[in-house]
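What follows is one structure encoded as C-alpha cells, with my remarks underneath.
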Amino acid sequence: MGNYCPPMMSIVDTQEDQRKRSIKSSDYTIPDVMIGREEDKEIIIKLLMHQNPCGYDHQSLTVIPIVGMGGLGKTTLAQSVFIDQRIDQSFSCKIWVSVTDGFNIKQVIAQIIQCITGTLVEVEEQQINQLRDILPKQKFLLVLDDVWNEFWNLISTCIKGSQILVTTRSHSIASMMGTIRSHALKGLSMEDSLSLFQKYAFKEGEEIKFPDLIKVGRGIVNKCGGVPFAIRSMGSMLFSKYDIKLWELIRDGEFWHFAGAKFILHSLRLSYLHMPSHLKQCFELFSLYPDDFVFHSSEVASLWAALGLLPSPNKDETLIDVANQCLLKLMSRCFLHNFFNFGTSYYFQVHDLVNALARSIVKDECCMVSPNIQYVPKNVQHLSFAKDDLLDKYFTPNSLMVRTILFPIEGVGASSEAFLNTCVSRYRYLRILDLSDSTYETLPSSIGKFRHLRFLSLERNEKIKRVPDSICKLYNLQVLNLVGCTKLENFPKGLRNLISLRQLGITTKETVLPENDIANLKSLEILNIESCENLESLFIGIKLLTLRTLTVTKCESLKSLSLDINHFPQLETLLVDNCGYLELIKGPDDQSSNLRLKAIRLHSLPQLLTLPSWLQESTNTLLSLLIVDCKNLEVLPEWLSTFSSLGSFGMTNCPKLTFLPNDIHRLTALGYLRIEGCPKLCRKCQPQVGEYWPKISHINQIFIDEPEDLKEDAEEERLEVEQ
C-alpha cells in the first residue's frame with residue numbers, strides 16, 4: 001500500500017536542485033473556505049517576516065505556536081500562511097511536516113530530509129541527533145502541524161534567521177516550545193460564523209430565498225461556538241435540504257450539551273447518520289488508516305470494490321466513477337480535506353476528528369493495530385497494522401471472519417511465516433490481502449484456493465523470486481500489484497485467466513511483457529509498469545480495449561511506446577516517468593493518435609523537446625497537464641492554448657522553457673497554474689510586472705516561483721527597511 005503523495009508533492013520531492021521545497025504543494029486543489037481568519041493570518045505573517053520578533057533571541061531560532069482546540073482551523077490557517085507569496089519571498093526553503101500520535105519520530109525526520117534533499121532515506125538512530133547538519137545552510141521556514149514535544153530537543157538549534165510555526169492543541173506544549181507568546185486561536189464571530197454556514201448550506205445567492213431557514217440557522221450557528229469545523233459540518237449536512245422542521249430538530253438536539261471535541265464528534269455523527277448506507281460503510285474503512293494519511297482515489301476505489309461496498313455502475317460508468325462520486329459526496333459533507341484534483345483521480349486526507357469518528361463507529365468490525373491499542377476484538381473483520389513488530393503480539397488467529405489485512409504505512413510489512421500461514425490456512429473469506437513491504441521469498445501454492453480474494457499486493461517486496469501459478473486460479477481477483485518486486489524472476493503462467501482483474505502492477509527483469517496475456521484481460525482498467533529496466537518497447541499491435549489509466553515509470557531502456565485510439569479506445573490517464581530514452585514526439589506510424597486523454601503527467605524525460613503532436617487530439621478532453629524535470633523541454637506549442645477543458649497546468653524544473661503560448665489567456669477553464677524551477681519563464685510571469693501576467697492573472701490559483709536574484713533583491717530591501 002504505502003502513503004501516497006499528491007502529484008505536485010512528488011514533483012517537489014524528486015528535484016535534486018530545487019531551492020524551494022514544499023511538502024504541502026499540490027496540483028489543482030479544492031481548498032477549505034477560510035472566513036474570519038484574515039486578521040490572524042496577517043499577525044502570523046508579520047511575525048514570520050521579521051527575524052527574532054519582539055527582540056527575543058533564542059539561539060537565533062524563532063518558534064511561533066498557534067494553539068487552540070481541534071476544529072478551530074489551526075491547520076487551515078497555517079496552510080494559508082504557508083502558500084502566501086510574501087512567505088515565498090522571505091524564505092528560500094519551506095518544509096511542512098504533519099506530526100501525529102501515530103507518527104514514528106524517524107519517519108518524521110526522514111520526511112524533513114526528503115523535503116530538503118529530494119531523497120527518501122532510512123533514518124538510523126545515530127542520525128536523529130544530526131538533523132542540524134542535514135538542514136540547508138539557508139533561511140528556512142518549518143511548519144510542524146499538530147506537534148508533540150519530543151521534537152523540541154531535535155530542532156532547537158538551527159541556523160540564523162530560520163523560523164518554526166507549530167500548531168498544537170496543548171497550551172503546555174505551546175508554552176514549552178514557543179520563543180514568543182503563543183497565538184491563541186479563538187472562535188469565529190457570529191457574523192463570520194453565519195457567513196461560513198451559508199456558504200456550505202446554500203448555493204451561492206440562494207440564502208435570500210429562505211429567510212425562515214436563516215433564522216433557524218442562526219440558532220444552529222450560535223450553538224457551534226464559533227468552531228469552523230462544526231459550522232462547515234452542519235452547513236454541508238443541511239445543503240439543499242429546505243424542510244424547516246429538520247433544521248429545527250437539529251437546532252434543538254441534545255448533542256449541543258457536549259463540550260469541546262465531544263461536541264464536534266457528535267455533530268459529525270449526526271452528519272454521518274444522514275448518509276446512505278453504502279456511503280457509511282465506505283467511510284468506516286478510513287478507520288484502518290493513521291491520521292494525516294494521504295489517500296489516492298484509485299486505491300480507495302479498489303478497496304471499496306473488493307469489499308463489495310459500491311453501488312452498481314450505470315451504463316457507461318465504471319466502479320472507479322462510482323467511487324469518485326462517493327468521495328465527492330464525502331468531501332461535500334466536510335469529511336475529507338486537502339483535496340487535490342488530478343483530472344481523473346484525487347488525492348485527499350481525512351481530518352483527525354473525522355478519523356476519530358470513524359473509529360468510534362466501527363467498534364469491533366475494524367481495527368488498526370498500533371502501540372496504543374489494548375487488544376484486538378475477537379470478531380474483527382478488517383485489520384490493519386501500523387508497525388510490523390506488532391504482529392506477534394496482537395495478531396489473533398481466532399476470528400475466521402477476517403476480510404481485510406492491510407499494511408497502509410510505507411516501509412511497514414509482514415515478515416512472519418506464521419502470520420502468512422495463518423492468513424492462508426484460516427481466513428477462507430479474505431477479500432483483501434496486502435503484503436506490501438513484506439519479505440517473503442515465495443507464496444504458498446494454496447493461495448490459489450482463496451476464491452473470495454479480490455485484492456492482492458506484494459508491492460515493494462524486494463525478496464520475492466516466485467509467485468505460484470496457482471494465483472491465476474483467483475478468478476475473482478480484481479487487483480494484482482507486483483510493482484517493486486525487483487527479484488521476481490518470471491510471471492505466473494495463465495495470467496489471462498484472471499478474468500475479473502481491473503488493476504495490474506508489474507516489475508520485471510524480462511525484455512518483454514506477457515502482452516498477449518495482458519490483452520486478454522477483458523476488465524483491465526489500470527496498468528502500472530515500473531522499474532522494468534530491460535524493457536525496450538510496449539504494446540506493438542496489442543489492443544487494450546478497456547484500459548483507462550497507463551503508468552510507465554523507471555523503464556530506462558524503453559524507446560518505443562505506441563498509443564492510438566484503435567488500440568487504447570478508453571485511455572484517459574497517461575503518466576510517463578523516468579524513461580531516459582523514450583521519445584514521445586511521433587504517433588504510431590506517423591499517424592494521428594486520436595486519443596481522448598483527460599490527464600497527462602510527463603516526468604524526467606530528457607528526450608522531450610516539445611509536447612508530442614498527437615496530444616492535439618485531446619484538445620476538448622484534457623483536464624490536467626503536469627510536466628516535471630524535463631530538462632531539455634524548450635517550447636510549448638501554440639496549439640496548447642486551444643485546450644478548452646484544461647483546468648490544471650503545472651511546469652516544474654524545466655530550465656530551458658522560456659515562453660508560454662501567446663494565446664494562453666484563451667484557456668478560460670484553467671483554474672490552477674504552477675511554474676517553478678523555470679527561471680526565465682518565472683521572471684516573465686511575476687505578479688503585476690511580468691510580461692505574461694496580464695494573460696494569466698485571471699487564473700484562480702497561481703503559484704509562480706520567484707527567481708533567486710529577485711529574492712536576493714527583496715531580502716536586501718527588507719534589511720534596509722529594518723535598519
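Ligands are numbered from 1 in the order shown, residues from 1 within each chain, and chains are lettered A, B, ... in the order they appear in the C-alpha cells.
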**Message:** Please identify the strand (DSSP E or B) residues within stretch 323-411 of chain A (assignment by DSSP from backbone atoms) and present them as JSON, numbers by chain.
**Reply:** {"A": [336, 337, 338, 339, 340, 341, 346, 347, 348, 349, 350, 366, 367, 368, 369, 382, 383, 384, 385, 404, 405, 406]}
**Complete:** Here atom CA of A:Gly690 and atom CA of A:Met34 stand apart by 28.9 Å
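Using only C-alpha atoms, the residues found no farther than 7 Å from stretch 352-360 of chain A, other than those of its own chain fewer than 3 positions away, are Leu265, Arg269, Glu284, Phe286, Ser287, Asp291, Asp292, Phe335 and Lys363 of chain A.
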Please produce a file of the residues just selected, as a compact mmCIF listing (two decimals), in the first residue's frame, where the atoms kept are N, CA and C atoms.
```
# COMPACT_ATOMS: atom_id res chain seq x y z
N LEU A 265 -17.53 15.77 17.60
CA LEU A 265 -17.76 14.38 17.21
C LEU A 265 -19.24 14.06 17.10
N ARG A 269 -21.22 12.95 13.87
CA ARG A 269 -22.02 11.72 13.89
C ARG A 269 -23.41 11.98 13.32
N GLU A 284 -16.42 4.14 6.86
CA GLU A 284 -15.89 3.42 8.02
C GLU A 284 -14.51 2.81 7.76
N PHE A 286 -12.01 4.16 6.53
CA PHE A 286 -10.92 5.10 6.82
C PHE A 286 -10.34 4.88 8.22
N SER A 287 -11.09 4.19 9.07
CA SER A 287 -10.60 3.93 10.44
C SER A 287 -9.38 3.02 10.45
N ASP A 291 -3.88 8.89 11.22
CA ASP A 291 -4.21 10.30 10.98
C ASP A 291 -3.24 10.89 9.96
N ASP A 292 -3.76 11.82 9.13
CA ASP A 292 -2.98 12.55 8.14
C ASP A 292 -2.45 11.68 7.00
N PHE A 335 -16.07 15.68 5.30
CA PHE A 335 -15.39 14.54 5.91
C PHE A 335 -13.98 14.37 5.33
N LYS A 363 -16.30 0.14 16.04
CA LYS A 363 -16.23 -0.74 17.22
C LYS A 363 -15.39 -1.98 16.94
```
**Prompt:** Near A:Tyr242, counting only C-alpha atoms, which residues have an atom at most 10 Å away, once you skip same-chain residues fewer than 2 positions from it, shown as a list in words?
**Reply:**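 Neighbouring residues, sequence-local ones excluded: Ala201, Phe202, Phe210, Asp212, Leu213, Leu238, Phe239, Ser240, Ile244, Lys245, Leu246 and Trp247 of chain A.
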Would you mind listing what lies within 10 Å of A:Ile499 as a PDB file with N, CA and C atoms, in the first residue's frame, with only C-alpha atoms counted and same-chain residues fewer than 3 positions away left out?
```pdb
ATOM      1  N   CYS A 472      -3.200 -17.670 -10.544  1.00  0.00           N
ATOM      2  CA  CYS A 472      -4.039 -17.401 -11.723  1.00  0.00           C
ATOM      3  C   CYS A 472      -5.364 -18.161 -11.664  1.00  0.00           C
ATOM      4  N   LYS A 473      -5.613 -18.878 -10.591  1.00  0.00           N
ATOM      5  CA  LYS A 473      -6.911 -19.505 -10.360  1.00  0.00           C
ATOM      6  C   LYS A 473      -7.839 -18.602  -9.548  1.00  0.00           C
ATOM      7  N   LEU A 474      -7.342 -17.421  -9.190  1.00  0.00           N
ATOM      8  CA  LEU A 474      -8.151 -16.482  -8.401  1.00  0.00           C
ATOM      9  C   LEU A 474      -9.053 -15.699  -9.354  1.00  0.00           C
ATOM     10  N   TYR A 475     -10.122 -16.344  -9.782  1.00  0.00           N
ATOM     11  CA  TYR A 475     -10.949 -15.787 -10.848  1.00  0.00           C
ATOM     12  C   TYR A 475     -11.696 -14.523 -10.430  1.00  0.00           C
ATOM     13  N   ASN A 476     -11.806 -14.270  -9.123  1.00  0.00           N
ATOM     14  CA  ASN A 476     -12.477 -13.061  -8.639  1.00  0.00           C
ATOM     15  C   ASN A 476     -11.501 -11.930  -8.345  1.00  0.00           C
ATOM     16  N   LEU A 477     -10.202 -12.167  -8.542  1.00  0.00           N
ATOM     17  CA  LEU A 477      -9.189 -11.163  -8.212  1.00  0.00           C
ATOM     18  C   LEU A 477      -9.359  -9.925  -9.096  1.00  0.00           C
ATOM     19  N   GLN A 478      -9.439  -8.768  -8.455  1.00  0.00           N
ATOM     20  CA  GLN A 478      -9.606  -7.504  -9.168  1.00  0.00           C
ATOM     21  C   GLN A 478      -8.318  -6.690  -9.229  1.00  0.00           C
ATOM     22  N   LEU A 495      -1.841 -15.887 -16.725  1.00  0.00           N
ATOM     23  CA  LEU A 495      -2.308 -14.574 -16.290  1.00  0.00           C
ATOM     24  C   LEU A 495      -3.639 -14.203 -16.942  1.00  0.00           C
ATOM     25  N   ARG A 496      -3.866 -14.691 -18.156  1.00  0.00           N
ATOM     26  CA  ARG A 496      -5.097 -14.366 -18.871  1.00  0.00           C
ATOM     27  C   ARG A 496      -6.343 -14.948 -18.210  1.00  0.00           C
ATOM     28  N   ARG A 502      -8.976  -5.863 -12.709  1.00  0.00           N
ATOM     29  CA  ARG A 502      -9.196  -4.478 -13.115  1.00  0.00           C
ATOM     30  C   ARG A 502      -7.918  -3.655 -13.038  1.00  0.00           C
ATOM     31  N   ASN A 520      -5.696 -10.156 -23.043  1.00  0.00           N
ATOM     32  CA  ASN A 520      -6.879 -10.990 -22.805  1.00  0.00           C
ATOM     33  C   ASN A 520      -7.567 -10.693 -21.475  1.00  0.00           C
ATOM     34  N   LEU A 521      -7.059  -9.707 -20.749  1.00  0.00           N
ATOM     35  CA  LEU A 521      -7.708  -9.290 -19.507  1.00  0.00           C
ATOM     36  C   LEU A 521      -8.803  -8.294 -19.868  1.00  0.00           C
ATOM     37  N   LYS A 522     -10.000  -8.788 -20.064  1.00  0.00           N
ATOM     38  CA  LYS A 522     -11.078  -8.001 -20.645  1.00  0.00           C
ATOM     39  C   LYS A 522     -11.675  -6.965 -19.702  1.00  0.00           C
ATOM     40  N   SER A 523     -11.267  -6.967 -18.436  1.00  0.00           N
ATOM     41  CA  SER A 523     -11.780  -5.974 -17.474  1.00  0.00           C
ATOM     42  C   SER A 523     -10.711  -4.992 -17.028  1.00  0.00           C
ATOM     43  N   LEU A 524      -9.497  -5.092 -17.590  1.00  0.00           N
ATOM     44  CA  LEU A 524      -8.360  -4.300 -17.110  1.00  0.00           C
ATOM     45  C   LEU A 524      -8.570  -2.814 -17.372  1.00  0.00           C
TER      46      LEU A 524
END
```
**Asked** Per DSSP on the backbone, what are the alpha helix (DSSP H) residues of stretch 442-675 of chain A, as a PyMOL selection string?
**Response** chain A and resi 515-519
